[in-house]
Amino acid sequence: MVKKVLIVDDSKLARMGVIRALKALHPDWETEEASNAEDAFANVKANLPDFILMDYNMPGKDGITLAAELREFDSSICVAVISANHQVEVVNRAQAAGAAFLPKPLTEKALAGFFETTAQQRNATGK
Amino acid sequence: MDAPSIGLTELELDALTELVNLGVSNAAFSLREMVKEEVILSVPKVSLVSCDEAISILGEQATRRLVAVQQNFDGAINGRALLIFPEVNSLELVRAVVGGAPSLEDIAELEQEALAETGNVLLNGCLGTIANILNRTLKISLPEVIYGESGDFFKEPPPRSASDRVLFVYINFALRGGDLKGYIAMLLDIPSLRTLQQLLKELIENIAGQTSISKTHVD
Amino acid sequence: MLTNDQYAESAIFDALEGGIIVLDLHERIVNWNAWMTSASGQSFETVYGKTLSEIFPGLMFRRLASAIKLALESGASTGISNALNSSPLPLRTRSRRKLLHDIKVSPIGSSPITACLVFITDVTMATHREQYLRDQQKARYNAVVESAPDVIITIDGAGCIQMANPAAVSQFGYTLNELTGKDAAILFDERSDWPTTWRTAVESSTPVQSKELIAIHKDGSLSYVEASASRWNIGARALVTVILRNITERRAINLALRASEAAARNSAAALADLNQSLEQRVEQRTAQLMNAEEALRQSQKMEAIGQLTGGIAHDFNNLLQGITGSLHVTQKLIALGRIGETDRFLKAAIDSAYRAASLTHRLLAFSRQQPIDPRPLNVNELITSMEELLRRTIGETVQMNFTAADSLWLIRCDANQLENAILNLAINARDAMPDGGTLTIEMSNKILDSAEAALRELQPGEHVRLIVKDTGEGMPAEVRARVFEPFFTTKAIGKGTGLGLSMIYGFVKQSNGSVLIESEVGKGTSIEVCLPRYQGNLDVEATDETNPRESRAGLDEVVLVVEDEGVVRLLVVEVLKELGYYALEAQNGASAVQILESRQRIDLLITDLGLPDISGNEVARIGIANRKNLKVLFMTGYAEKAASNSFLQEGMEIITKPFPMDLLAERIRSMIETR
């Protein structure tokens, strides 16, 4: 089943990297890009993506705050925060916001793990 | 006019910013190990400026007295990396790194060591990450602490001429609730900058999946 | 077999006073020098091919591990100091003490990196020495700063707190951690000018002292602090140490003081209490003194009058006796038709009446109902004339001495006031000598040099000095000091200083003179009054008895007499006729004005001040408006009106009823003759 994925990162190169990893796993999935929080919100409202992969350290609103807001808007969206800043406080905050934490640079393996975990969680909750 | 200068494309600058972002994020993780508390980072702002511009940016600081931790690097690219912040801020940094409630005398005494180690962790994190992602080896020296005004940090080579470029990174990190604003300056000579640009191109091509131009420049 | 080079390398390694560990790309130990063997107790053979975590199991040296990883992967070098990392490896000195060490990790080889060098330096000795020095310094520091009741904070060049003592923690309510690194501005209310204080301290080498600031505590409460701040340096770094003394209580007392001061303005008792508890508050005491002064002055006046009355009543009765007696005799003689014999008794009656008048005059003057009428004066003569009064006043137990300089200079002041002053001083002296003693009154000429003049707030030069000295109990320093503050008054002194020096002071000051008090317990009191020399002669009319009244009688001069009281007018006209002047009469202001506005020649206007229609003053004003050189002599029975003689212009004089006819005649003559 084709899924819609929104990638949020202020760096174009980083978005390219994420898309490359994603295409390697699911070449048929649709991807959308946003470079900041506002665009991301607009996109979520317009396209209702299944997954959002977002950078943590962005100018303006950071990825974890944005993740929390998006989850509040629509709790069915699965969000992953991607960052090289894996201080324990950052990882904990991401999880508290209902988002998964994935280390940067993003590997295909880590991304596959994220999709797998979310699928299992959905099954477990009876969806 | 300036001697032959190099401009980076928007995407190259984006790539460089992302590299530095990864670098300081890693560095923040290492710093956290040292201070046992979260280190909060701003998004680094990266720009490529001339030496003179770098001096004048640093000269705009509220206090003229600056402190810098310097590490030299050589390998695929040669140059110096400096972590620079206003001298008045340095005691805060030291206090954060030393931990506990040390006396002012202790802090003043440990200042050099603490600055050196903090700068070391931060610069190693940056330079090491950049080297790793660019898939190149850099030999990075031990740190040295320098006090002075902005012009003092750019006297020694490289760069060899005033028109040489400085990769200028502005970061803001908060420790123990206190803000530390600082700069990371990487001074590169022209050949090194060309190499860096080439490496960035390769990185972009790699990620974009355009493998046609790849690998040929590796040596 | 080792090659020569390798052998040399190994030998050098072993000779090094420091630890060398070489790790390969898999972080396995490939070299380990003799120093390491000694420090760790493990030989190269034991450790070869193992990782550091295998050699030192259970150790958490993450920084070392990540430094090694970084060196091998990225080529980065790392320094790990003992000071910040407390010696990660379990190493021992040769005497088996804990070996404190710094570690440096660097890559070996470049492009590619082949190994990693871990270099360990012994810093045990240096660290111990530093620690000792630091402890010593801290002990000194703690003794002063840690136990200080005042807040002591040290601030860096950016205004951030770098050090705070326990008093700072307890007073502001922040923990030490919260204070450290904060901008010191958070400790001060916006109303207080902390930024300026701070800037002054950091930019100038002169310390800031006693600057009052409002401190704001963590809980938002305020306190008042007195700040002093001074700059110092660690190396090139400027630091400012600020000491804050809490003055909230002191301020609260001051505020309460001011509030109660206002509330108690009219309550002498409350003021006295306040005064007692807050002696040092000069302003407060000033307020009290100002308020109490009037009442006090009046009561002291009454007290003094009471003291005088005893002596005077007897005289007065005698005088009345003389008057009434003489009049009775005269009445009888007239009835008997022996008119020729009445003259002697009438003269006696008149003499007695004048003496009685002089006594009431003195009493009036004493209660300050006396016009101030400064005239040239010889103090010797004045005192001589007072001698009897003084003797009567001070009583028999006190011996009185007069010392007068020959040819004493003249002064210019109100004779009555000076008399009062001397009398008051004599009474003070008497009260200071309840068991008897000696009162000395000295008069001398004195040329004040500039220092002496400055002491008395006078101009240098010629003065007449009057000293009233007693051999009484004297005053302690604190009383004497209070005598002179803030108005040079003795009002608050209490016992033995019945009548106010402030009155004397006021009068002397008005006469451009000074009052000085010298006193010591058991050594008596000496009060000096200095008055400037008068450069001139005695007024002709005042004492010039030798000048015969007939000498300059001319019928040319015309005098206008304005008086509603017929008897008085009659008497004045009689005196004028006797003197040979031509008198015009007016019984009210209006008719006087008519005459003054006419072309009638008038040389002198004698007018009562209290006329029924318009005031004598107004009459005089109209007269002068018409006749520029008109002289005016005012008569008044309302002495208090005359007391403020400020309305007297040049060519105007005043005479107080009752006056002896002789005095009136003299005043008229002198006024007309002075051109």
# chains A, B, ... in the order shown; residues from 1 in each chain; ligands from 1
$ closest_atom_pairs --of "chain C" --to "chain B" --cutoff "9 Å" --atoms "only C-alpha atoms" --output "CSV"
residue,atom,partner,partner_atom,distance
C:Arg62,CA,B:Glu33,CA,8.1
C:Arg63,CA,B:Glu33,CA,7.7
C:Ser66,CA,B:Ser30,CA,8.5
C:Ala67,CA,B:Val121,CA,8.9
C:Leu70,CA,B:Gly128,CA,6.9
C:Ala71,CA,B:Lys139,CA,8.4
C:Glu73,CA,B:Asn132,CA,7.4
C:Ser74,CA,B:Gly128,CA,4.8
C:Gly75,CA,B:Lys139,CA,4.6
C:Ala76,CA,B:Ile140,CA,4.4
C:Ser77,CA,B:Leu142,CA,5.2
C:Thr78,CA,B:Leu142,CA,6.0
C:Gly79,CA,B:Glu117,CA,6.3
C:Ile80,CA,B:Glu117,CA,6.8
C:Ser81,CA,B:Glu113,CA,7.0
C:Ala83,CA,B:Leu110,CA,7.2
C:Leu84,CA,B:Val98,CA,6.0
C:Asn85,CA,B:Met34,CA,8.5
C:Lys104,CA,B:Leu142,CA,8.1
C:Val105,CA,B:Leu142,CA,8.6
C:Ser106,CA,B:Ser141,CA,7.7
C:Pro107,CA,B:Lys139,CA,7.2
C:Ile108,CA,B:Lys139,CA,9.0
C:Gly109,CA,B:Lys139,CA,8.6
C:Ser110,CA,B:Lys139,CA,6.6
C:Ser111,CA,B:Thr137,CA,6.0
C:Pro112,CA,B:Thr137,CA,7.0
C:Ile113,CA,B:Thr137,CA,7.7
C:Arg134,CA,B:Asp106,CA,7.5
C:Gln137,CA,B:Glu105,CA,8.8
C:Lys138,CA,B:Ser103,CA,8.4
C:Thr154,CA,B:Leu104,CA,8.5
C:Asp156,CA,B:Val88,CA,6.8
C:Gly157,CA,B:Val88,CA,5.7
C:Ala158,CA,B:Val88,CA,5.7
C:Gly159,CA,B:Val88,CA,8.9
C:Cys160,CA,B:Val88,CA,8.8
C:Gln162,CA,B:Leu104,CA,6.4
C:Met163,CA,B:Leu104,CA,6.1
C:Leu176,CA,B:Ala101,CA,7.8
C:Asn177,CA,B:Ala101,CA,7.2
C:Thr180,CA,B:Ala101,CA,8.6
C:Gly181,CA,B:Glu92,CA,6.3
C:Lys182,CA,B:Gly178,CA,7.8
C:Ile234,CA,B:Ala108,CA,7.2
C:Gly235,CA,B:Ala108,CA,8.8
C:Arg237,CA,B:Val88,CA,8.0
$ write_last_selection --atoms "C-alpha atoms" --output "PDB file, in the first residue's frame"
ATOM      1  CA  ARG C  62      34.089   7.310  28.199  1.00  0.00           C
ATOM      2  CA  ARG C  63      36.038  10.366  27.289  1.00  0.00           C
ATOM      3  CA  SER C  66      35.709   8.338  22.529  1.00  0.00           C
ATOM      4  CA  ALA C  67      39.038  10.159  22.189  1.00  0.00           C
ATOM      5  CA  LEU C  70      38.036   9.852  17.285  1.00  0.00           C
ATOM      6  CA  ALA C  71      41.798   9.626  16.814  1.00  0.00           C
ATOM      7  CA  GLU C  73      38.514   7.324  12.803  1.00  0.00           C
ATOM      8  CA  SER C  74      38.945  11.023  12.248  1.00  0.00           C
ATOM      9  CA  GLY C  75      42.551  11.761  13.091  1.00  0.00           C
ATOM     10  CA  ALA C  76      41.637  14.104  15.921  1.00  0.00           C
ATOM     11  CA  SER C  77      43.844  14.690  18.968  1.00  0.00           C
ATOM     12  CA  THR C  78      42.350  15.031  22.435  1.00  0.00           C
ATOM     13  CA  GLY C  79      43.661  16.245  25.767  1.00  0.00           C
ATOM     14  CA  ILE C  80      42.108  14.885  28.951  1.00  0.00           C
ATOM     15  CA  SER C  81      43.312  16.723  32.060  1.00  0.00           C
ATOM     16  CA  ALA C  83      41.911  18.760  36.762  1.00  0.00           C
ATOM     17  CA  LEU C  84      38.667  18.158  34.905  1.00  0.00           C
ATOM     18  CA  ASN C  85      38.538  14.404  34.714  1.00  0.00           C
ATOM     19  CA  LYS C 104      46.811  13.056  25.488  1.00  0.00           C
ATOM     20  CA  VAL C 105      45.440  10.969  22.650  1.00  0.00           C
ATOM     21  CA  SER C 106      46.690  11.532  19.115  1.00  0.00           C
ATOM     22  CA  PRO C 107      46.633   9.681  15.826  1.00  0.00           C
ATOM     23  CA  ILE C 108      49.770   8.071  14.429  1.00  0.00           C
ATOM     24  CA  GLY C 109      50.394   8.260  10.689  1.00  0.00           C
ATOM     25  CA  SER C 110      48.359  10.213   8.210  1.00  0.00           C
ATOM     26  CA  SER C 111      46.356   9.119   5.200  1.00  0.00           C
ATOM     27  CA  PRO C 112      45.836   6.519   6.356  1.00  0.00           C
ATOM     28  CA  ILE C 113      46.010   6.636  10.139  1.00  0.00           C
ATOM     29  CA  ARG C 134      44.786  26.958  46.922  1.00  0.00           C
ATOM     30  CA  GLN C 137      44.463  30.937  50.027  1.00  0.00           C
ATOM     31  CA  LYS C 138      40.962  29.639  50.630  1.00  0.00           C
ATOM     32  CA  THR C 154      32.248  39.170  42.927  1.00  0.00           C
ATOM     33  CA  ASP C 156      32.955  39.553  36.162  1.00  0.00           C
ATOM     34  CA  GLY C 157      33.440  41.990  33.314  1.00  0.00           C
ATOM     35  CA  ALA C 158      30.036  41.122  31.860  1.00  0.00           C
ATOM     36  CA  GLY C 159      28.220  41.919  35.096  1.00  0.00           C
ATOM     37  CA  CYS C 160      27.648  38.270  35.988  1.00  0.00           C
ATOM     38  CA  GLN C 162      31.060  34.771  39.836  1.00  0.00           C
ATOM     39  CA  MET C 163      31.203  34.433  43.574  1.00  0.00           C
ATOM     40  CA  LEU C 176      24.544  29.583  45.336  1.00  0.00           C
ATOM     41  CA  ASN C 177      23.954  27.806  42.031  1.00  0.00           C
ATOM     42  CA  THR C 180      26.384  32.092  40.095  1.00  0.00           C
ATOM     43  CA  GLY C 181      26.571  33.210  36.495  1.00  0.00           C
ATOM     44  CA  LYS C 182      23.476  35.421  36.815  1.00  0.00           C
ATOM     45  CA  ILE C 234      42.939  37.945  37.914  1.00  0.00           C
ATOM     46  CA  GLY C 235      45.474  38.168  35.141  1.00  0.00           C
ATOM     47  CA  ARG C 237      40.462  39.786  33.718  1.00  0.00           C
TER      48      ARG C 237
END
$ select_by_dssp --residues "range 55-196 of chain B" --states "strand (DSSP E or B)" --output "PyMOL selection string"
chain B and resi 66-75+79-86+138-140+144-148+165-175+178-188
$ write_last_selection --atoms "C-alpha atoms" --output "compact mmCIF listing (two decimals), in the first residue's frame"
# COMPACT_ATOMS: atom_id res chain seq x y z
CA LEU B 66 38.19 37.47 23.07
CA VAL B 67 39.39 34.03 23.91
CA ALA B 68 39.94 31.30 21.38
CA VAL B 69 40.76 27.62 21.37
CA GLN B 70 42.74 26.74 18.29
CA GLN B 71 43.45 23.40 16.65
CA ASN B 72 45.40 22.96 13.46
CA PHE B 73 44.49 20.34 10.93
CA ASP B 74 46.16 18.92 7.87
CA GLY B 75 45.46 16.19 5.38
CA GLY B 79 44.00 24.99 8.02
CA ARG B 80 43.18 26.08 11.51
CA ALA B 81 39.95 25.82 13.43
CA LEU B 82 39.15 28.31 16.16
CA LEU B 83 36.41 28.35 18.72
CA ILE B 84 36.06 32.01 19.67
CA PHE B 85 33.95 33.74 22.28
CA PRO B 86 34.08 36.89 24.40
CA LEU B 138 42.32 15.00 8.80
CA LYS B 139 45.14 15.06 11.29
CA ILE B 140 43.98 17.38 14.04
CA GLU B 144 45.89 25.75 22.34
CA VAL B 145 44.20 28.65 24.18
CA ILE B 146 44.76 32.18 22.86
CA TYR B 147 43.60 35.48 24.32
CA GLY B 148 43.43 38.62 22.23
CA ARG B 165 38.55 32.71 2.99
CA VAL B 166 37.31 31.98 6.44
CA LEU B 167 34.55 29.51 6.94
CA PHE B 168 32.62 31.29 9.62
CA VAL B 169 30.13 29.50 11.83
CA TYR B 170 28.02 31.25 14.41
CA ILE B 171 26.70 29.03 17.16
CA ASN B 172 24.96 29.66 20.41
CA PHE B 173 24.95 27.02 23.07
CA ALA B 174 23.42 27.12 26.48
CA LEU B 175 24.98 25.42 29.49
CA GLY B 178 23.55 30.42 30.83
CA ASP B 179 24.01 31.37 27.21
CA LEU B 180 27.38 31.14 25.54
CA LYS B 181 27.56 32.76 22.18
CA GLY B 182 30.55 31.90 20.13
CA TYR B 183 31.97 31.45 16.70
CA ILE B 184 33.75 28.62 15.06
CA ALA B 185 36.13 29.91 12.45
CA MET B 186 37.89 27.61 10.04
CA LEU B 187 40.70 29.27 8.20
CA LEU B 188 41.49 27.62 4.91
$ residues_around --residues "range 103-109 of chain A" --least-positions-apart "2" --cutoff "7 Å" --atoms "only C-alpha atoms" --output "number ranges by chain"
A: 18, 21, 82-84, 86, 101, 111-113
$ interface_residues --of "chain B" --to "chain A" --cutoff "12 Å" --atoms "only C-alpha atoms" --output "PyMOL selection string"
chain B and resi 10-45+125-126+129-130+132-133+171+200-201+203-210
$ residues_around --residues "Trp29 in chain A" --least-positions-apart "3" --cutoff "7 Å" --atoms "only C-alpha atoms" --output "VMD selection string"
chain A and resid 2 to 4 26
$ write_last_selection --atoms "N, CA and C atoms" --output "mmCIF file, in the first residue's frame"
data_model
loop_
_atom_site.group_PDB
_atom_site.id
_atom_site.type_symbol
_atom_site.label_atom_id
_atom_site.label_comp_id
_atom_site.auth_asym_id
_atom_site.auth_seq_id
_atom_site.Cartn_x
_atom_site.Cartn_y
_atom_site.Cartn_z
ATOM 1 N N VAL A 2 0.520 2.135 -0.874
ATOM 2 C CA VAL A 2 1.328 3.354 -1.018
ATOM 3 C C VAL A 2 1.069 4.305 0.140
ATOM 4 N N LYS A 3 2.165 4.767 0.742
ATOM 5 C CA LYS A 3 2.034 5.688 1.866
ATOM 6 C C LYS A 3 2.552 7.076 1.455
ATOM 7 N N LYS A 4 2.058 8.073 2.201
ATOM 8 C CA LYS A 4 2.547 9.428 1.957
ATOM 9 C C LYS A 4 3.494 9.821 3.088
ATOM 10 N N HIS A 26 11.148 1.967 -0.064
ATOM 11 C CA HIS A 26 9.809 1.981 -0.667
ATOM 12 C C HIS A 26 9.799 2.918 -1.864
#
$ select_by_dssp --residues "range 5-109 of chain A" --states "helix (DSSP H, G or I)" --output "ChimeraX atom specification"
/A:12-25,37-47,63-73,88-96,108-109
$ residues_around --residues "Thr31 in chain A" --least-positions-apart "6" --cutoff "10 Å" --atoms "only C-alpha atoms" --output "ChimeraX atom specification"
/A:3-7,19,22-23,49,51-52
$ write_last_selection --atoms "N, CA and C atoms" --output "PDB file, in the first residue's frame"
ATOM      1  N   LYS A   3       2.165   4.767   0.742  1.00  0.00           N
ATOM      2  CA  LYS A   3       2.034   5.688   1.866  1.00  0.00           C
ATOM      3  C   LYS A   3       2.552   7.076   1.455  1.00  0.00           C
ATOM      4  N   LYS A   4       2.058   8.073   2.201  1.00  0.00           N
ATOM      5  CA  LYS A   4       2.547   9.428   1.957  1.00  0.00           C
ATOM      6  C   LYS A   4       3.494   9.821   3.088  1.00  0.00           C
ATOM      7  N   VAL A   5       4.669  10.299   2.702  1.00  0.00           N
ATOM      8  CA  VAL A   5       5.670  10.697   3.708  1.00  0.00           C
ATOM      9  C   VAL A   5       6.054  12.168   3.509  1.00  0.00           C
ATOM     10  N   LEU A   6       6.003  12.909   4.621  1.00  0.00           N
ATOM     11  CA  LEU A   6       6.450  14.314   4.580  1.00  0.00           C
ATOM     12  C   LEU A   6       7.834  14.417   5.228  1.00  0.00           C
ATOM     13  N   ILE A   7       8.763  15.061   4.532  1.00  0.00           N
ATOM     14  CA  ILE A   7      10.121  15.229   5.060  1.00  0.00           C
ATOM     15  C   ILE A   7      10.345  16.707   5.374  1.00  0.00           C
ATOM     16  N   ILE A  19      15.243  11.213   1.532  1.00  0.00           N
ATOM     17  CA  ILE A  19      14.448  10.683   0.413  1.00  0.00           C
ATOM     18  C   ILE A  19      15.173   9.505  -0.236  1.00  0.00           C
ATOM     19  N   LEU A  22      14.685   6.539   1.878  1.00  0.00           N
ATOM     20  CA  LEU A  22      13.283   6.111   1.798  1.00  0.00           C
ATOM     21  C   LEU A  22      12.998   5.392   0.485  1.00  0.00           C
ATOM     22  N   LYS A  23      13.495   5.987  -0.623  1.00  0.00           N
ATOM     23  CA  LYS A  23      13.246   5.387  -1.953  1.00  0.00           C
ATOM     24  C   LYS A  23      13.871   4.009  -2.057  1.00  0.00           C
ATOM     25  N   PRO A  49      -0.359  13.279   5.475  1.00  0.00           N
ATOM     26  CA  PRO A  49       0.645  12.225   5.276  1.00  0.00           C
ATOM     27  C   PRO A  49       0.530  11.137   6.351  1.00  0.00           C
ATOM     28  N   PHE A  51       3.362   9.403   7.365  1.00  0.00           N
ATOM     29  CA  PHE A  51       4.577   9.535   8.169  1.00  0.00           C
ATOM     30  C   PHE A  51       5.189  10.925   7.981  1.00  0.00           C
ATOM     31  N   ILE A  52       5.774  11.382   9.064  1.00  0.00           N
ATOM     32  CA  ILE A  52       6.553  12.618   8.932  1.00  0.00           C
ATOM     33  C   ILE A  52       7.948  12.354   9.488  1.00  0.00           C
TER      34      ILE A  52
END
